[in-house]
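Chemist: Contents of target15.txt (compact mmCIF, C-alpha atoms and all ligand atoms):
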```
# COMPACT_ATOMS: atom_id res chain seq x y z
CA MET A 1201 0.00 0.00 0.00
CA GLY A 1202 1.72 3.16 -1.24
CA LYS A 1203 0.97 6.53 0.27
CA LEU A 1204 -1.71 8.64 -1.37
CA LYS A 1205 -0.80 11.65 -3.46
CA LEU A 1206 -2.83 14.18 -5.36
CA LYS A 1207 -3.79 13.21 -8.88
CA GLU A 1208 -5.97 16.16 -9.79
CA HIS A 1209 -8.53 18.72 -8.73
CA LEU A 1210 -11.52 17.57 -10.75
CA ILE A 1211 -13.56 20.73 -11.33
CA ASN A 1212 -16.93 20.69 -13.01
CA ARG A 1213 -17.08 24.11 -14.66
CA ASP A 1214 -20.71 23.64 -15.65
CA TRP A 1215 -21.73 23.18 -12.02
CA CYS A 1216 -19.40 25.68 -10.28
CA LYS A 1217 -21.20 28.96 -9.51
CA GLY A 1218 -18.13 30.87 -8.33
CA CYS A 1219 -19.42 31.33 -4.77
CA GLY A 1220 -15.83 31.41 -3.48
CA ILE A 1221 -16.45 29.18 -0.43
CA CYS A 1222 -13.68 26.74 -1.41
CA VAL A 1223 -11.29 29.61 -2.15
CA HIS A 1224 -12.01 31.28 1.19
CA PHE A 1225 -11.53 28.19 3.35
CA CYS A 1226 -8.65 26.40 1.58
CA PRO A 1227 -5.93 26.27 4.26
CA LYS A 1228 -3.17 26.46 1.62
CA GLN A 1229 -4.56 29.08 -0.78
CA VAL A 1230 -4.51 26.57 -3.62
CA LEU A 1231 -7.69 27.81 -5.28
CA GLU A 1232 -8.73 31.01 -7.08
CA LEU A 1233 -11.61 32.19 -9.23
CA ASP A 1234 -10.72 32.90 -12.87
CA ASP A 1235 -12.10 35.70 -15.05
CA LYS A 1236 -15.20 33.57 -15.78
CA GLU A 1237 -15.88 33.29 -12.00
CA LYS A 1238 -15.08 29.57 -12.02
CA VAL A 1239 -12.67 27.96 -9.63
CA ILE A 1240 -9.19 26.88 -10.73
CA ALA A 1241 -6.36 25.19 -8.80
CA VAL A 1242 -3.49 27.64 -9.23
CA ARG A 1243 -1.09 26.19 -6.65
CA LYS A 1244 -1.70 22.44 -6.96
CA GLU A 1245 1.68 21.59 -5.44
CA ASP A 1246 0.60 23.18 -2.12
CA CYS A 1247 -2.57 21.05 -1.80
CA ILE A 1248 -2.63 18.86 1.32
CA ARG A 1249 -5.67 16.83 0.12
CA CYS A 1250 -7.74 17.82 3.17
CA LYS A 1251 -10.86 17.75 0.94
CA LEU A 1252 -12.43 20.67 2.79
CA CYS A 1253 -13.17 22.28 -0.58
CA GLU A 1254 -14.99 19.17 -1.73
CA LEU A 1255 -17.01 18.79 1.49
CA ARG A 1256 -18.11 22.43 1.59
CA CYS A 1257 -18.84 23.05 -2.09
CA PRO A 1258 -22.59 23.73 -2.33
CA ASP A 1259 -22.59 22.69 -5.99
CA LEU A 1260 -20.70 19.37 -5.76
CA ALA A 1261 -18.41 20.93 -8.36
CA ILE A 1262 -14.94 20.10 -7.01
CA GLU A 1263 -13.42 16.71 -6.21
CA ILE A 1264 -9.96 15.85 -4.97
CA ILE A 1265 -8.74 12.80 -6.85
CA THR A 1266 -5.88 10.91 -5.24
CA GLN A 1267 -3.72 8.01 -6.34
CA LYS A 1268 -1.08 5.80 -4.73
CA GLU A 1269 2.37 7.36 -4.72
CA ASP A 1270 3.96 4.51 -6.69
CA GLU A 1271 1.22 4.46 -9.33
CA ASP A 1272 1.79 6.02 -12.74
CA GLU A 1273 -0.46 8.62 -14.29
CA MET B 524 -12.92 3.56 -4.18
CA ALA B 525 -13.74 1.35 -7.14
CA ASN B 526 -14.62 -1.63 -4.95
CA LYS B 527 -17.30 0.31 -3.08
CA LYS B 528 -20.87 -0.64 -3.80
CA TYR B 529 -22.11 2.95 -3.97
CA ASN B 530 -20.55 6.35 -4.49
CA VAL B 531 -21.99 9.81 -3.98
CA LYS B 532 -22.80 10.29 -7.65
CA ASN B 533 -24.89 7.07 -7.68
CA TYR B 534 -27.29 8.80 -5.33
CA LEU B 535 -27.56 11.93 -7.44
CA ARG B 536 -29.87 12.77 -10.32
CA GLU B 537 -27.11 14.44 -12.29
CA ARG B 538 -29.45 15.25 -15.14
CA PHE B 539 -30.95 18.05 -13.03
CA PHE B 540 -27.58 19.73 -12.39
CA PRO B 541 -26.45 22.45 -12.03
CA HIS B 542 -29.09 22.80 -9.30
CA ILE B 543 -31.42 25.79 -8.85
CA TRP B 544 -29.94 27.10 -5.58
CA CYS B 545 -28.18 30.49 -5.56
CA PRO B 546 -24.37 30.68 -5.53
CA GLY B 547 -23.17 29.89 -2.00
CA CYS B 548 -26.54 28.61 -0.72
CA GLY B 549 -25.95 26.32 2.26
CA HIS B 550 -28.63 23.90 1.12
CA GLY B 551 -26.19 22.44 -1.44
CA ILE B 552 -23.71 21.71 1.36
CA VAL B 553 -26.45 19.92 3.31
CA LEU B 554 -27.21 17.89 0.18
CA GLY B 555 -23.52 16.95 -0.06
CA SER B 556 -23.37 15.95 3.61
CA LEU B 557 -26.54 13.90 3.30
CA LEU B 558 -25.28 12.05 0.22
CA ARG B 559 -21.96 11.27 1.90
CA ALA B 560 -23.79 10.00 5.00
CA VAL B 561 -25.98 7.75 2.89
CA GLU B 562 -22.96 6.51 0.94
CA GLU B 563 -21.01 5.70 4.09
CA LEU B 564 -24.00 3.81 5.48
CA GLU B 565 -24.31 2.07 2.08
CA LEU B 566 -28.08 2.61 2.13
CA ASP B 567 -29.89 0.88 -0.68
CA PRO B 568 -31.57 3.67 -2.69
CA THR B 569 -34.46 1.36 -3.53
CA ASN B 570 -35.24 1.09 0.21
CA THR B 571 -34.84 4.78 0.91
CA VAL B 572 -37.57 7.37 0.62
CA MET B 573 -37.28 11.12 0.83
CA THR B 574 -40.38 13.24 1.30
CA SER B 575 -40.20 17.02 1.28
CA GLY B 576 -42.59 19.97 1.41
CA ILE B 577 -42.12 23.33 -0.32
CA GLY B 578 -39.22 25.76 -0.14
CA CYS B 579 -35.73 26.11 -1.57
CA SER B 580 -34.70 23.44 0.96
CA ALA B 581 -37.51 21.11 -0.10
CA ARG B 582 -36.19 21.08 -3.66
CA ILE B 583 -33.52 18.70 -2.40
CA SER B 584 -35.82 15.73 -2.98
CA GLY B 585 -35.61 16.32 -6.74
CA TYR B 586 -31.86 15.82 -6.74
CA VAL B 587 -31.53 12.51 -4.91
CA ASN B 588 -31.86 9.18 -6.61
CA PHE B 589 -34.08 7.61 -3.95
CA HIS B 590 -37.82 7.21 -4.03
CA SER B 591 -38.93 10.79 -3.60
CA LEU B 592 -42.13 12.66 -2.89
CA HIS B 593 -42.13 16.43 -3.31
CA THR B 594 -45.36 17.20 -1.46
CA ILE B 595 -47.08 20.27 0.03
CA HIS B 596 -45.77 22.98 2.29
CA GLY B 597 -45.35 21.81 5.89
CA ARG B 598 -46.77 18.35 5.29
CA ALA B 599 -43.69 16.30 4.42
CA LEU B 600 -43.75 14.54 7.81
CA ALA B 601 -47.40 13.57 7.36
CA PHE B 602 -46.56 11.94 4.01
CA ALA B 603 -43.50 10.31 5.54
CA THR B 604 -45.63 8.95 8.40
CA GLY B 605 -48.01 7.37 5.89
CA VAL B 606 -45.19 5.75 3.92
CA LYS B 607 -43.44 4.50 7.05
CA LEU B 608 -46.58 2.98 8.59
CA ALA B 609 -47.41 1.21 5.32
CA LYS B 610 -43.86 -0.12 4.86
CA PRO B 611 -41.93 0.15 8.14
CA LYS B 612 -38.75 -1.37 6.63
CA LEU B 613 -38.09 1.67 4.43
CA ASN B 614 -35.65 4.40 5.48
CA LEU B 615 -37.47 7.74 5.64
CA ILE B 616 -35.51 10.98 5.31
CA VAL B 617 -37.29 14.33 5.47
CA PRO B 618 -35.31 17.52 4.78
CA MET B 619 -37.18 20.68 5.74
CA GLY B 620 -36.75 24.44 5.73
CA ASP B 621 -37.25 26.29 9.00
CA GLY B 622 -40.56 27.66 7.74
CA ASP B 623 -41.67 24.33 6.35
CA ALA B 624 -40.73 22.50 9.58
CA LEU B 625 -41.78 24.97 12.26
CA ALA B 626 -44.19 27.56 10.85
CA ILE B 627 -46.80 25.89 8.66
CA GLY B 628 -45.49 22.41 9.58
CA GLY B 629 -44.95 22.99 13.29
CA ASN B 630 -47.85 20.82 14.35
CA HIS B 631 -46.78 17.87 12.21
CA PHE B 632 -43.29 18.30 13.58
CA ILE B 633 -44.17 18.09 17.27
CA HIS B 634 -46.58 15.21 16.76
CA ALA B 635 -44.10 13.15 14.73
CA ALA B 636 -41.65 13.71 17.58
CA ARG B 637 -44.26 12.81 20.20
CA ARG B 638 -45.02 9.52 18.44
CA ASN B 639 -41.33 8.74 18.08
CA ILE B 640 -41.87 7.35 14.60
CA ASP B 641 -38.69 6.14 12.90
CA ILE B 642 -38.10 9.07 10.53
CA THR B 643 -35.03 11.29 10.12
CA ALA B 644 -35.92 14.99 9.92
CA ILE B 645 -33.20 17.38 8.76
CA VAL B 646 -34.02 21.02 9.54
CA MET B 647 -32.09 23.20 7.08
CA ASN B 648 -32.22 26.33 9.19
CA ASN B 649 -31.47 29.51 7.24
CA LYS B 650 -33.66 31.65 9.53
CA ILE B 651 -35.77 32.91 6.64
CA TYR B 652 -38.33 32.00 3.97
CA GLY B 653 -35.84 31.85 1.11
CA MET B 654 -38.08 30.73 -1.71
CA THR B 655 -40.74 33.40 -1.32
CA GLY B 656 -38.37 36.33 -0.96
CA GLY B 657 -37.10 36.67 2.60
CA GLN B 658 -40.07 36.82 5.01
CA PHE B 659 -39.19 36.07 8.65
CA SER B 660 -39.83 32.62 10.07
CA PRO B 661 -40.27 31.24 13.61
CA LEU B 662 -36.50 30.71 13.64
CA THR B 663 -35.44 34.20 12.58
CA GLY B 664 -35.26 35.51 16.13
CA TYR B 665 -35.63 38.90 17.77
CA GLY B 666 -34.11 42.00 16.23
CA GLN B 667 -33.40 40.66 12.71
CA LYS B 668 -34.36 42.14 9.38
CA ALA B 669 -36.65 40.50 6.83
CA THR B 670 -38.89 41.71 3.99
CA THR B 671 -41.80 41.45 6.40
CA ALA B 672 -39.82 43.15 9.18
CA PRO B 673 -38.03 46.11 7.58
CA TYR B 674 -37.65 47.74 11.04
CA SER B 675 -36.60 44.38 12.58
CA THR B 676 -38.52 41.51 14.14
CA ILE B 677 -40.11 41.49 17.59
CA ASP B 678 -40.76 37.73 17.58
CA ASN B 679 -38.60 35.35 19.59
CA GLU B 680 -37.37 32.18 17.91
CA PHE B 681 -37.87 28.53 18.75
CA ASP B 682 -34.86 26.56 19.88
CA VAL B 683 -35.14 23.53 17.59
CA VAL B 684 -33.12 21.31 19.91
CA LYS B 685 -35.16 22.10 23.04
CA LEU B 686 -38.44 21.92 21.15
CA SER B 687 -37.62 18.52 19.61
CA LYS B 688 -36.44 17.17 22.93
CA ALA B 689 -39.54 18.36 24.78
CA ALA B 690 -41.84 16.98 22.09
CA GLY B 691 -40.31 13.51 22.39
CA ALA B 692 -37.71 13.10 19.62
CA SER B 693 -35.33 10.32 20.65
CA PHE B 694 -32.31 11.61 18.69
CA VAL B 695 -31.53 15.33 18.47
CA ALA B 696 -28.40 16.97 17.07
CA ARG B 697 -27.24 20.34 15.76
CA SER B 698 -24.47 21.32 13.37
CA THR B 699 -23.74 23.87 10.63
CA THR B 700 -22.66 23.92 6.98
CA PHE B 701 -19.20 25.07 8.12
CA HIS B 702 -18.92 21.81 10.07
CA ALA B 703 -19.57 19.50 7.11
CA THR B 704 -17.69 16.49 8.50
CA GLU B 705 -19.62 16.78 11.77
CA SER B 706 -22.89 17.08 9.84
CA ILE B 707 -22.13 13.86 7.95
CA ASP B 708 -21.53 12.07 11.24
CA PHE B 709 -24.75 13.37 12.83
CA ILE B 710 -26.83 12.51 9.77
CA LYS B 711 -25.39 8.98 9.78
CA ARG B 712 -26.24 8.54 13.45
CA ALA B 713 -29.71 10.01 12.94
CA ILE B 714 -30.51 7.65 10.06
CA SER B 715 -29.16 4.65 11.98
CA HIS B 716 -31.16 5.59 15.07
CA LYS B 717 -34.54 3.88 15.46
CA GLY B 718 -37.10 6.52 16.40
CA PHE B 719 -37.75 10.14 15.48
CA SER B 720 -34.44 11.87 14.78
CA VAL B 721 -33.89 15.57 14.28
CA VAL B 722 -30.69 17.08 12.88
CA GLU B 723 -30.74 20.87 12.75
CA ILE B 724 -28.14 22.27 10.36
CA PHE B 725 -27.55 26.02 10.14
CA SER B 726 -27.53 26.73 6.41
CA GLN B 727 -26.78 30.14 4.95
CA CYS B 728 -29.17 32.03 2.66
CA PRO B 729 -26.83 34.74 1.36
CA THR B 730 -29.50 36.06 -1.00
CA HIS B 731 -32.14 37.03 1.56
CA TYR B 732 -31.13 36.61 5.20
CA GLY B 733 -27.50 37.49 4.48
CA ARG B 734 -28.22 40.54 2.40
CA LYS B 735 -30.96 41.94 4.69
CA ASN B 736 -28.87 41.50 7.80
CA LYS B 737 -25.53 42.58 6.30
CA LYS B 738 -23.91 39.23 7.05
CA GLY B 739 -21.54 39.35 4.08
CA ASP B 740 -21.16 36.64 1.46
CA ALA B 741 -21.69 32.90 1.88
CA ALA B 742 -18.16 32.29 3.16
CA ASN B 743 -18.53 35.09 5.74
CA MET B 744 -21.80 33.58 6.93
CA MET B 745 -20.04 30.24 7.39
CA GLU B 746 -17.20 31.96 9.27
CA ASN B 747 -19.92 33.27 11.54
CA TYR B 748 -21.18 29.71 12.14
CA LYS B 749 -17.64 28.78 13.13
CA ASN B 750 -17.29 31.72 15.53
CA SER B 751 -20.76 31.68 17.07
CA THR B 752 -21.03 27.95 17.89
CA VAL B 753 -19.15 25.58 20.20
CA PRO B 754 -19.30 21.86 21.02
CA ILE B 755 -21.74 20.98 23.83
CA GLY B 756 -20.38 21.94 27.25
CA SER B 757 -17.42 23.95 25.92
CA LYS B 758 -15.53 26.04 28.48
CA LYS B 759 -16.00 29.07 26.23
CA LEU B 760 -19.68 29.16 27.27
CA GLU B 761 -18.72 30.41 30.73
CA LYS B 762 -17.25 33.56 29.23
CA ASP B 763 -19.79 33.95 26.45
CA PRO B 764 -23.22 32.38 27.12
CA SER B 765 -24.50 33.67 23.77
CA LEU B 766 -22.52 30.94 21.96
CA ILE B 767 -24.73 28.24 20.46
CA GLU B 768 -23.99 24.61 21.27
CA ARG B 769 -23.46 21.98 18.58
CA GLY B 770 -23.49 18.23 19.10
CA VAL B 771 -25.78 15.32 19.91
CA PHE B 772 -28.20 16.42 22.63
CA VAL B 773 -30.45 13.36 22.81
CA ASP B 774 -29.67 9.77 21.84
CA ASN B 775 -32.18 7.46 23.50
CA ASP B 776 -32.57 3.98 22.05
CA GLN B 777 -34.93 2.82 24.80
CA ALA B 778 -37.99 4.84 23.78
CA PRO B 779 -40.72 2.71 22.12
CA GLU B 780 -40.96 3.33 18.37
CA TYR B 781 -44.35 3.99 16.80
CA CYS B 782 -44.39 1.35 14.04
CA ASP B 783 -43.25 -1.33 16.49
CA GLU B 784 -46.05 -0.37 18.87
CA TYR B 785 -48.55 -0.38 16.02
CA GLU B 786 -47.38 -3.85 14.97
CA LYS B 787 -48.10 -5.11 18.48
CA ILE B 788 -51.65 -3.75 18.22
CA ILE B 789 -52.04 -5.47 14.83
CA GLN B 790 -50.94 -8.77 16.40
CA VAL B 791 -53.43 -8.45 19.25
CA ALA B 792 -56.26 -7.26 17.01
CA SER B 793 -55.77 -10.06 14.48
CA LYS B 794 -56.35 -12.57 17.28
CA GLY B 795 -59.70 -10.87 17.89
CA ARG B 796 -59.08 -10.05 21.54
CA ALA B 797 -60.04 -6.52 22.54
C1 LIG C 1301 -49.88 26.22 1.81
C2 LIG C 1301 -48.80 27.13 1.35
N1 LIG C 1301 -48.61 28.31 1.98
C3 LIG C 1301 -47.63 29.14 1.58
C4 LIG C 1301 -46.82 28.79 0.53
C5 LIG C 1301 -45.74 29.76 0.08
N2 LIG C 1301 -44.42 29.31 0.45
C6 LIG C 1301 -43.64 28.61 -0.39
S1 LIG C 1301 -42.13 28.22 0.25
C7 LIG C 1301 -42.50 29.05 1.69
C8 LIG C 1301 -41.51 29.17 2.82
C9 LIG C 1301 -40.17 28.61 2.54
O1 LIG C 1301 -39.32 28.82 3.63
P1 LIG C 1301 -38.54 27.65 4.32
O2 LIG C 1301 -39.42 26.49 4.58
O3 LIG C 1301 -37.83 28.17 5.49
O4 LIG C 1301 -37.51 27.15 3.20
P2 LIG C 1301 -36.35 27.91 2.41
O5 LIG C 1301 -36.95 28.36 1.12
O6 LIG C 1301 -35.85 29.03 3.25
O7 LIG C 1301 -35.35 26.84 2.21
C10 LIG C 1301 -43.79 29.60 1.65
C11 LIG C 1301 -44.37 30.39 2.73
C12 LIG C 1301 -47.05 27.55 -0.11
N3 LIG C 1301 -46.29 27.13 -1.13
N4 LIG C 1301 -48.03 26.75 0.31
S1 LIG C 1302 -17.28 26.10 -3.58
FE1 LIG C 1302 -17.92 24.98 -5.43
S2 LIG C 1302 -19.32 26.36 -6.51
FE2 LIG C 1302 -18.20 27.60 -4.99
S3 LIG C 1302 -16.45 28.41 -6.14
FE3 LIG C 1302 -15.76 26.50 -5.17
S4 LIG C 1302 -16.11 24.89 -6.71
FE4 LIG C 1302 -17.26 26.71 -7.36
S1 LIG C 1303 -7.96 19.62 -0.63
FE1 LIG C 1303 -7.62 21.14 0.99
S2 LIG C 1303 -5.65 22.05 0.47
FE2 LIG C 1303 -6.34 20.98 -1.38
S3 LIG C 1303 -7.43 22.53 -2.56
FE3 LIG C 1303 -8.96 21.51 -1.29
S4 LIG C 1303 -9.12 22.77 0.57
FE4 LIG C 1303 -7.20 23.34 -0.48
S1 LIG C 1304 -33.05 32.21 -1.86
FE1 LIG C 1304 -31.71 31.68 -0.15
S2 LIG C 1304 -32.38 29.59 0.46
FE2 LIG C 1304 -33.19 30.00 -1.61
S3 LIG C 1304 -31.65 29.15 -3.02
FE3 LIG C 1304 -31.19 31.34 -2.75
S4 LIG C 1304 -29.70 31.39 -1.08
FE4 LIG C 1304 -30.68 29.38 -1.02
```
Reformat the file's structure so that it appears as structure tokens.
Modeler:
Amino acid sequence: MGKLKLKEHLINRDWCKGCGICVHFCPKQVLELDDKEKVIAVRKEDCIRCKLCELRCPDLAIEIITQKEDEDE
Amino acid sequence: MANKKYNVKNYLRERFFPHIWCPGCGHGIVLGSLLRAVEELELDPTNTVMTSGIGCSARISGYVNFHSLHTIHGRALAFATGVKLAKPKLNLIVPMGDGDALAIGGNHFIHAARRNIDITAIVMNNKIYGMTGGQFSPLTGYGQKATTAPYSTIDNEFDVVKLSKAAGASFVARSTTFHATESIDFIKRAISHKGFSVVEIFSQCPTHYGRKNKKGDAANMMENYKNSTVPIGSKKLEKDPSLIERGVFVDNDQAPEYCDEYEKIIQVASKGRA
């Protein structure tokens, strides 16, 4: 069992309403809203996979996808 | 995750997304917490029924892939009672707005609690009638602004926890949309509990309550939930008694459940002995 690492921030741009809740509460300032008021992960490398963004998104629009550290893309 | 029987998306009617709720509406967070609770309990959607009344909150029943009944304002618990008595093995989940649960539906609420029927009620408390444009509700509280109280309210609010407890609910908990992990846990325990369960979840309405009362945006309203609530019995209450307690207030598995009691009557009656 390898350790888990971040694979991607899976963002559903059709569902995201740009409320900014995930941006506000991300402990590592990973997320920002772009010029279309949709969320993007601008500092992916800082993400600690706490999933607080996923749990508090009112639109079920962001998911933290993880994979085992020794697994390939 | 691939070996899990269910995942959150299995319980969702994705064809109706994006949902109708405003940006930042807490009701979507409650939906997420509910789905995660149901997933962790591995509830079979074909044995799970959601009934709801009318309100922004009540629209939740359209988004879940269970059996669902979107009924009339305030009456969701009456429909749920009918379903449960006819088929006691089904899981009944009833999400309600504060108006739906405790204004027009207040009577159904206290009597469902009094009977201790095995239903899980989730009160999505945004302190306002969201759907109809921001009128005050029995949970708004004294001194707040609403479209029907432009100079502020003079009505006191119910305390959902105390009311539920006094009326006879055998599981009572309170959390907020800020505390999503806690909400998932309480919803799981409420669904697993046999008897009438109430989970009150503070849920922000940035569009009406927030705007009228200058509470800032959705994230600010959630910050406020973080700062104005504490776990039951916290030391902070000594210094600041205005803090609101979160946690499980009642968890009584000894109280007789209504469908069980009714079944006993059926057994006696079918033997013809009065
Ligand atoms: C019998 C009846 N009376 C009044 C209404 C109008 N009405 C629709 S939703 C609502 C209140 C909604 O407030 P709440 O239950 O708190 O839910 P929210 O929209 O805030 O989630 C009212 C009064 C109605 N639909 N039916
Ligand atoms: S919380 Fe959800 S809807 Fe809001 S900005 Fe983030 S991803 Fe978008
Ligand atoms: S998982 Fe945590 S650290 Fe990563 S983006 Fe989401 S909130 Fe930020
Ligand atoms: S009006 Fe309020 S309760 Fe209704 S969807 Fe908008 S934010 Fe949510």
Chemist: Which residue gives the smallest distance to Pro618 of chain B among B:Leu592, B:Val683, B:Ile677, B:Ala581, with all atoms listed in the file counted?
Modeler: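 Among the listed residues, B:Ala581 lies closest to Pro618 of chain B.
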Chemist: If we count only C-alpha atoms, what is near Asn648 of chain B at a cut-off of 7 Å, once residues fewer than 6 positions away on the same chain are taken out, given as a compact mmCIF listing (two decimals) with C-alpha atoms, in the frame of the given file?
Modeler:
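As written to disk, result.txt reads:
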```
# COMPACT_ATOMS: atom_id res chain seq x y z
CA GLY B 620 -36.75 24.44 5.73
CA ASP B 621 -37.25 26.29 9.00
CA GLU B 723 -30.74 20.87 12.75
CA ILE B 724 -28.14 22.27 10.36
CA PHE B 725 -27.55 26.02 10.14
CA SER B 726 -27.53 26.73 6.41
```
Chemist: Find, counting all atoms listed in the file, the residue in A:Cys1247, A:Leu1204, A:Ala1261, A:Leu1233 that gets nearest to ligand LIG 1303 (chain C).
Modeler: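 Nearest candidate to ligand LIG 1303 (chain C) out of A:Cys1247, A:Leu1204, A:Ala1261, A:Leu1233: A:Cys1247.
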Chemist: Output the contact residues of chain A with respect to chain B at a cut-off of 10 Å, based on all atoms listed in the file, as a VMD selection string.
Modeler: chain A and resid 1212 to 1225 1252 1254 to 1261
Chemist: Could you jot down the atom CA of Ser715 of chain B to atom CA of Glu1263 of chain A separation for me, Å, one decimal place?
Modeler: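 Calculated distance between atom CA of Ser715 of chain B and atom CA of Glu1263 of chain A is 26.9 Å.
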Chemist: Calculated over all atoms listed in the file, which of the candidates B:Lys794, B:Arg582, B:Arg712, B:Lys738 has the smallest distance to ligand LIG 1304 (chain C)?
Modeler: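 Checking each of B:Lys794, B:Arg582, B:Arg712, B:Lys738 against ligand LIG 1304 (chain C), counting all atoms listed in the file, the winner is B:Arg582.
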Chemist: Using all atoms listed in the file, which residues of the polymer chains come no farther than 6 Å from ligand LIG 1304 (chain C)? I'd like the answer as a list in words.
Modeler: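 Written in the requested form, the residues are Trp544, Cys545, Cys548, Cys579, Gly653, Met654, Cys728, Pro729, Thr730 and His731 of chain B.
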Chemist: Could you tell me how far atom CA of Ala624 of chain B sits from atom CA of Glu780 of chain B, in Å to one decimal place?
Modeler: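 Separating atom CA of Glu780 of chain B from atom CA of Ala624 of chain B is a distance of 21.1 Å.
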Chemist: For segment 607-612 of chain B, list every protein, DNA or RNA residue within 10 Å, evaluated using all atoms listed in the file, and leave out those in the same chain fewer than 3 positions away; present the list as number ranges by chain.
Modeler: B: 570-572, 601-604, 615, 640-642, 781-783, 785-786
Chemist: Out of A:Lys1205, A:Lys1244, A:Lys1251, A:Lys1238, which residue has the shortest atom-to-atom distance to ligand LIG 1303 (chain C) when counting all atoms listed in the file?
Modeler: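 When distances to ligand LIG 1303 (chain C) are compared using all atoms listed in the file, the smallest one comes from A:Lys1251.
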Chemist: So what do you get for atom CA of Glu537 of chain B versus atom CA of Val617 of chain B, distance-wise?
Modeler: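 Pair atom CA of Glu537 of chain B / atom CA of Val617 of chain B returns 20.5 Å.
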Chemist: Taking only C-alpha atoms and all ligand atoms into account, report as a list of chain:residue names which residues have an atom no farther than 6 Å from an atom of ligand LIG 1303 (chain C).
Modeler: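 The residues within 6 Å of ligand LIG 1303 (chain C), counting only C-alpha atoms and all ligand atoms, are A:Cys1226, A:Pro1227, A:Lys1228, A:Val1230, A:Leu1231, A:Cys1247, A:Ile1248, A:Arg1249, A:Cys1250, A:Lys1251, A:Leu1252, A:Cys1253.
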